[in-house]
Amino acid sequence: MPDRIDATDRTDEPDSAAPAYRATRLRRAWAPVRNTWRGLTSMRTALILLFLLAVAALPGALLPQRSVNEQNVNGYLAEYGWWGRLLDNLQLFDVYSSVWFSAIYLLLMVSIIGCLVPRTSDYVRSMRSKPVLTPRNLRRLPHHERAETSDDVDAVMAAARKRLRGWRLTEREEAGGARSISAERGYLRETGNLLFHFGMLGVIISFAGGALYSYEGQVIVLADGSEFCNAGIYNFDSFHPGLQVDGTGLNPFCVQVNDFHAEFERGQPVSYEANIDYQSGDDLAEGDWQQYDLAVNEPLRTAGDRLYLLGHGFAPTFTVTYPDGQSRTQTIQWRPVDQTTLLSEGATKFEEPGITDPVERRERQLAVTGLFAPTPAMHGDILSSAGPELTDPTVAVDIMRGDLGVDSGRGQSIFEIDQSMVDEGRLERVARENLEVGESVTLEDGTTVSFDEVERFVSLQVSHDPLQNWVLASAIVMFAGLGASLFIKRRRLWVRATPAGGGSRAGDAAGTPADAAPVDAAPTGAAAGDAAAGDTAAGDTAAGDTETEERRTVVEVGGLARTDQAGYGEEFTRIAAELLGRK
């Protein structure tokens with residue numbers, strides 16, 4: 001019996017057993033974090049978040065947004081009551097700046113980054129590695145061809161390398177003198193897949209960066225030579241800065257709107273075009289102007305900004321002549337309420353000159369408010385417009401006198417009067433009249449209000465987005481990668497050349513040994529002929545053995561597509577035919 005060995009005495013044997021897993025508190029606490037991260041960075045989660053982002057953007061397209069038109073939002077709230085307030089509490093009127101939309105956006109960005117990092121690492125590792133070993137049995141592959149050739153193994157391998165030029169390949173030695181080539185092609189498919197996701201990530205980051213450093217501003221400019229300069233936020237009628245934009249340091253440029261032309265066909269707009277001059281860069285210091293025809297979807301790009309033509313409208317000109325002979329003339333844009341006929345509403349406000357007492361000055365303010373019709377059409381006593389073209393323009397106005405509330409400290413729209421002043425009796429209507437161009441109305445105290453002419457105005461938008469080129473580049477990369485991942489096939493091909501083998505057996509077929517017959521035995525008659533025939537047969541047998549012993553090579557070709565795509569069978573058949581010498 002061998003001596004008993006204690007486990008503590010076995011110090012000479014290596015301890016190859018892995019240590020047992022211990023569920024410590026730290027590991028138990030870390031497990032949910034690890035599992036959450038793995039779930040977040042999976043491709044399935046990224047696709048779900050992308051779908052949720054598309055669904056979350058739908059309210060931004062279906063409901064009015066404050067960032068675009070706050071007046072429409074206020075109208076929606078007033079019309080739908082509690083339902084509108086509920087939607088407002090859910091931030092559905094500020095979708096793109098809401099907490100839930102930003103959360104989906106950030107989670108999608110983190111998910112894509114967490115998914116791309118390991119995939120990129122695996123891709124680089126696979127690109128640096130050699131193609132996989134040739135399978136032992138190529139006949140089990142979906143595509144397989146076999147043939148024999150008189151070429152030797154070296155010639156077969158040389159022909160295979162020449163035909164597979166452009167493939168990633170490696171040549172290996174095998175047992176028995178055989179050699180094989182492993183070849184792969186279509187790695188650009190995975191490259192395209194990665195480029196698609198990197199492009200998507202670039203678009204997401206570029207949009208996020210644009211929200212930080214971009215700005216948009218809208219302004220209305222009369223098309224009579226009036227100017228606008230991008231010098232500060234107070235020059236805009238509305239301004240929407242990015243989170244990192246404080247309104248200072250805007251890219252300086254100036255625009256002068258000389259004229260506006262609108263073309264209509266059967267009452268429908270065909271084209272809008274504004275003739276403008278602009279200054280930027282050195283032209284601002286030198287006072288030079290550059291001419292440009294600004295049209296819809298044809299913005300002016302200057303000083304790193306884009307100037308868009310959004311729309312147009314009309315600005316009636318009114319003159320108020322006071323009893324003492326002093327007069328005031330104003331041309332203020334009125335807001336279109338019908339984009340088809342350009343029926344417009346507005347309020348032109350006046351203060352009587354020469355009054356220093358603030359109380360009296362507030363009590364004698366005037367406002368001309370009502371409707372403007374470029375092509376008038378009367379429906380009973382109601383003025384409407386039959387079309388957007390300027391044909392016999394007419395206004396239906398109420399002349400209001402009293403306190404307009406412009407000194408109350410509260411902001412008010414230039415398109416309407418403060419209705420609270422009317423409700424309190426501090427602003428009263430003193431006249432109502434329909435006026436054509438050149439007509440006037442006289443108030444009780446002798447004040448005359450005349451409708452002089454109509455000017456056109458254009459609505460302009462200044463947009464600044466320093467990352468717009470990055471968005472474009474990322475989108476191009478994304479679609480290029482998508483095309484590569486859809487149309488490039490990943491496939492593998494193996495070629496094995498094995499020598500057939502064989503040795504010389506000519507000596508075995510040469511005839512009988514010399515001592516099988518006496519030396520002095522001479523053949524006679526038929527025996528001699530038989531001997532000659534036997535010699536001839538022996539020669540034919542030797543020649544046949546020489547042909548049989550010619551060395552031959554067995555060539556096998558196998559193929560495998562990494563994805564189930566049609567077309568590789570035809571490509572494999574063509575390659576195999578060339579390698580095996582078939583026509």
# chains A, B, ... in the order shown; residues from 1 in each chain; ligands from 1

call {"tool": "residues_around", "arguments": {"residues": "Gly313 of chain A", "least_positions_apart": "5", "cutoff": "7 Å", "atoms": "only C-alpha atoms", "output": "list in words"}}
result
Pro336, Arg456, Phe457 and Val458 of chain A

call {"tool": "select_by_dssp", "arguments": {"residues": "segment 156-277 of chain A", "states": "helix (DSSP H, G or I)", "output": "PyMOL selection string"}}
result
chain A and resi 156-163+175-177+188-213+233-235

call {"tool": "closest_residue", "arguments": {"among": "A:Arg139, A:Arg552, A:Arg66, A:Arg125", "to": "Ala500 of chain A", "atoms": "only C-alpha atoms"}}
result
A:Arg552

call {"tool": "select_by_dssp", "arguments": {"residues": "segment 134-345 of chain A", "states": "strand (DSSP E)", "output": "PyMOL selection string"}}
result
chain A and resi 143-149+168-173+179-185+215-222+226-229+238-241+253-265+268-280+290-295+300-302+305-321+327-331+335-336+344-345

call {"tool": "closest_residue", "arguments": {"among": "A:Ala274, A:Glu265, A:Glu444, A:Val397", "to": "Tyr322 of chain A", "atoms": "only C-alpha atoms"}}
result
A:Glu444

call {"tool": "closest_residue", "arguments": {"among": "A:Asp423, A:Ala208, A:Arg496, A:Gly81", "to": "Leu138 of chain A", "atoms": "only C-alpha atoms"}}
result
A:Arg496

call {"tool": "atom_distance", "arguments": {"atom1": "atom CA of Ser280 of chain A", "atom2": "atom CA of Val462 of chain A"}}
result
13.8 Å

call {"tool": "residues_around", "arguments": {"residues": "Arg410 of chain A", "least_positions_apart": "6", "cutoff": "12 Å", "atoms": "only C-alpha atoms", "output": "list in words"}}
result
Leu404, Asp418 and Ser420 of chain A

call {"tool": "residues_around", "arguments": {"residues": "Pro466 of chain A", "least_positions_apart": "2", "cutoff": "9 Å", "atoms": "only C-alpha atoms", "output": "list in words"}}
result
Gly209, Gly210, Tyr213, Ser214, Gly304, Asp305, His464, Gln468, Asn469 and Trp470 of chain A

call {"tool": "decode", "arguments": {"residues": "segment 95-148 of chain A", "atoms": "C-alpha atoms", "output": "PDB file, in the first residue's frame"}}
result
ATOM      1  CA  VAL A  95     -41.420  69.222 -27.023  1.00  0.00           C
ATOM      2  CA  TYR A  96     -37.822  69.673 -28.090  1.00  0.00           C
ATOM      3  CA  SER A  97     -36.786  71.338 -24.837  1.00  0.00           C
ATOM      4  CA  SER A  98     -38.855  69.090 -22.575  1.00  0.00           C
ATOM      5  CA  VAL A  99     -37.331  66.898 -19.887  1.00  0.00           C
ATOM      6  CA  TRP A 100     -38.623  63.628 -21.336  1.00  0.00           C
ATOM      7  CA  PHE A 101     -37.445  64.370 -24.879  1.00  0.00           C
ATOM      8  CA  SER A 102     -33.997  65.364 -23.611  1.00  0.00           C
ATOM      9  CA  ALA A 103     -33.838  62.172 -21.521  1.00  0.00           C
ATOM     10  CA  ILE A 104     -34.580  59.970 -24.550  1.00  0.00           C
ATOM     11  CA  TYR A 105     -32.054  61.958 -26.581  1.00  0.00           C
ATOM     12  CA  LEU A 106     -29.278  61.550 -24.015  1.00  0.00           C
ATOM     13  CA  LEU A 107     -30.025  57.858 -23.409  1.00  0.00           C
ATOM     14  CA  LEU A 108     -29.872  57.211 -27.146  1.00  0.00           C
ATOM     15  CA  MET A 109     -26.519  58.958 -27.392  1.00  0.00           C
ATOM     16  CA  VAL A 110     -25.104  56.984 -24.446  1.00  0.00           C
ATOM     17  CA  SER A 111     -26.503  53.724 -25.839  1.00  0.00           C
ATOM     18  CA  ILE A 112     -24.925  54.251 -29.255  1.00  0.00           C
ATOM     19  CA  ILE A 113     -21.553  55.163 -27.733  1.00  0.00           C
ATOM     20  CA  GLY A 114     -21.626  52.146 -25.424  1.00  0.00           C
ATOM     21  CA  CYS A 115     -22.561  49.911 -28.354  1.00  0.00           C
ATOM     22  CA  LEU A 116     -19.941  51.295 -30.730  1.00  0.00           C
ATOM     23  CA  VAL A 117     -16.913  51.077 -28.450  1.00  0.00           C
ATOM     24  CA  PRO A 118     -16.809  47.256 -28.103  1.00  0.00           C
ATOM     25  CA  ARG A 119     -17.909  46.713 -31.703  1.00  0.00           C
ATOM     26  CA  THR A 120     -15.126  48.941 -32.977  1.00  0.00           C
ATOM     27  CA  SER A 121     -12.619  47.084 -30.830  1.00  0.00           C
ATOM     28  CA  ASP A 122     -13.836  43.739 -32.183  1.00  0.00           C
ATOM     29  CA  TYR A 123     -13.714  45.066 -35.735  1.00  0.00           C
ATOM     30  CA  VAL A 124     -10.110  46.282 -35.393  1.00  0.00           C
ATOM     31  CA  ARG A 125      -9.131  42.946 -33.840  1.00  0.00           C
ATOM     32  CA  SER A 126     -10.730  40.978 -36.675  1.00  0.00           C
ATOM     33  CA  MET A 127      -9.074  43.171 -39.293  1.00  0.00           C
ATOM     34  CA  ARG A 128      -5.657  42.504 -37.786  1.00  0.00           C
ATOM     35  CA  SER A 129      -6.180  38.753 -37.506  1.00  0.00           C
ATOM     36  CA  LYS A 130      -5.623  36.234 -40.300  1.00  0.00           C
ATOM     37  CA  PRO A 131      -8.503  34.509 -42.078  1.00  0.00           C
ATOM     38  CA  VAL A 132      -9.794  31.401 -40.347  1.00  0.00           C
ATOM     39  CA  LEU A 133      -8.216  27.969 -40.902  1.00  0.00           C
ATOM     40  CA  THR A 134      -9.334  25.868 -43.837  1.00  0.00           C
ATOM     41  CA  PRO A 135     -12.010  23.387 -42.694  1.00  0.00           C
ATOM     42  CA  ARG A 136     -10.898  19.754 -42.668  1.00  0.00           C
ATOM     43  CA  ASN A 137     -13.854  18.605 -44.766  1.00  0.00           C
ATOM     44  CA  LEU A 138     -14.740  21.181 -47.426  1.00  0.00           C
ATOM     45  CA  ARG A 139     -17.540  18.986 -48.784  1.00  0.00           C
ATOM     46  CA  ARG A 140     -19.733  19.978 -45.828  1.00  0.00           C
ATOM     47  CA  LEU A 141     -19.778  23.624 -46.870  1.00  0.00           C
ATOM     48  CA  PRO A 142     -22.792  25.053 -48.748  1.00  0.00           C
ATOM     49  CA  HIS A 143     -20.620  25.593 -51.825  1.00  0.00           C
ATOM     50  CA  HIS A 144     -18.059  22.964 -52.844  1.00  0.00           C
ATOM     51  CA  GLU A 145     -16.219  21.909 -56.020  1.00  0.00           C
ATOM     52  CA  ARG A 146     -13.544  19.219 -56.541  1.00  0.00           C
ATOM     53  CA  ALA A 147     -11.344  18.272 -59.478  1.00  0.00           C
ATOM     54  CA  GLU A 148      -7.982  16.709 -60.374  1.00  0.00           C
TER      55      GLU A 148
END
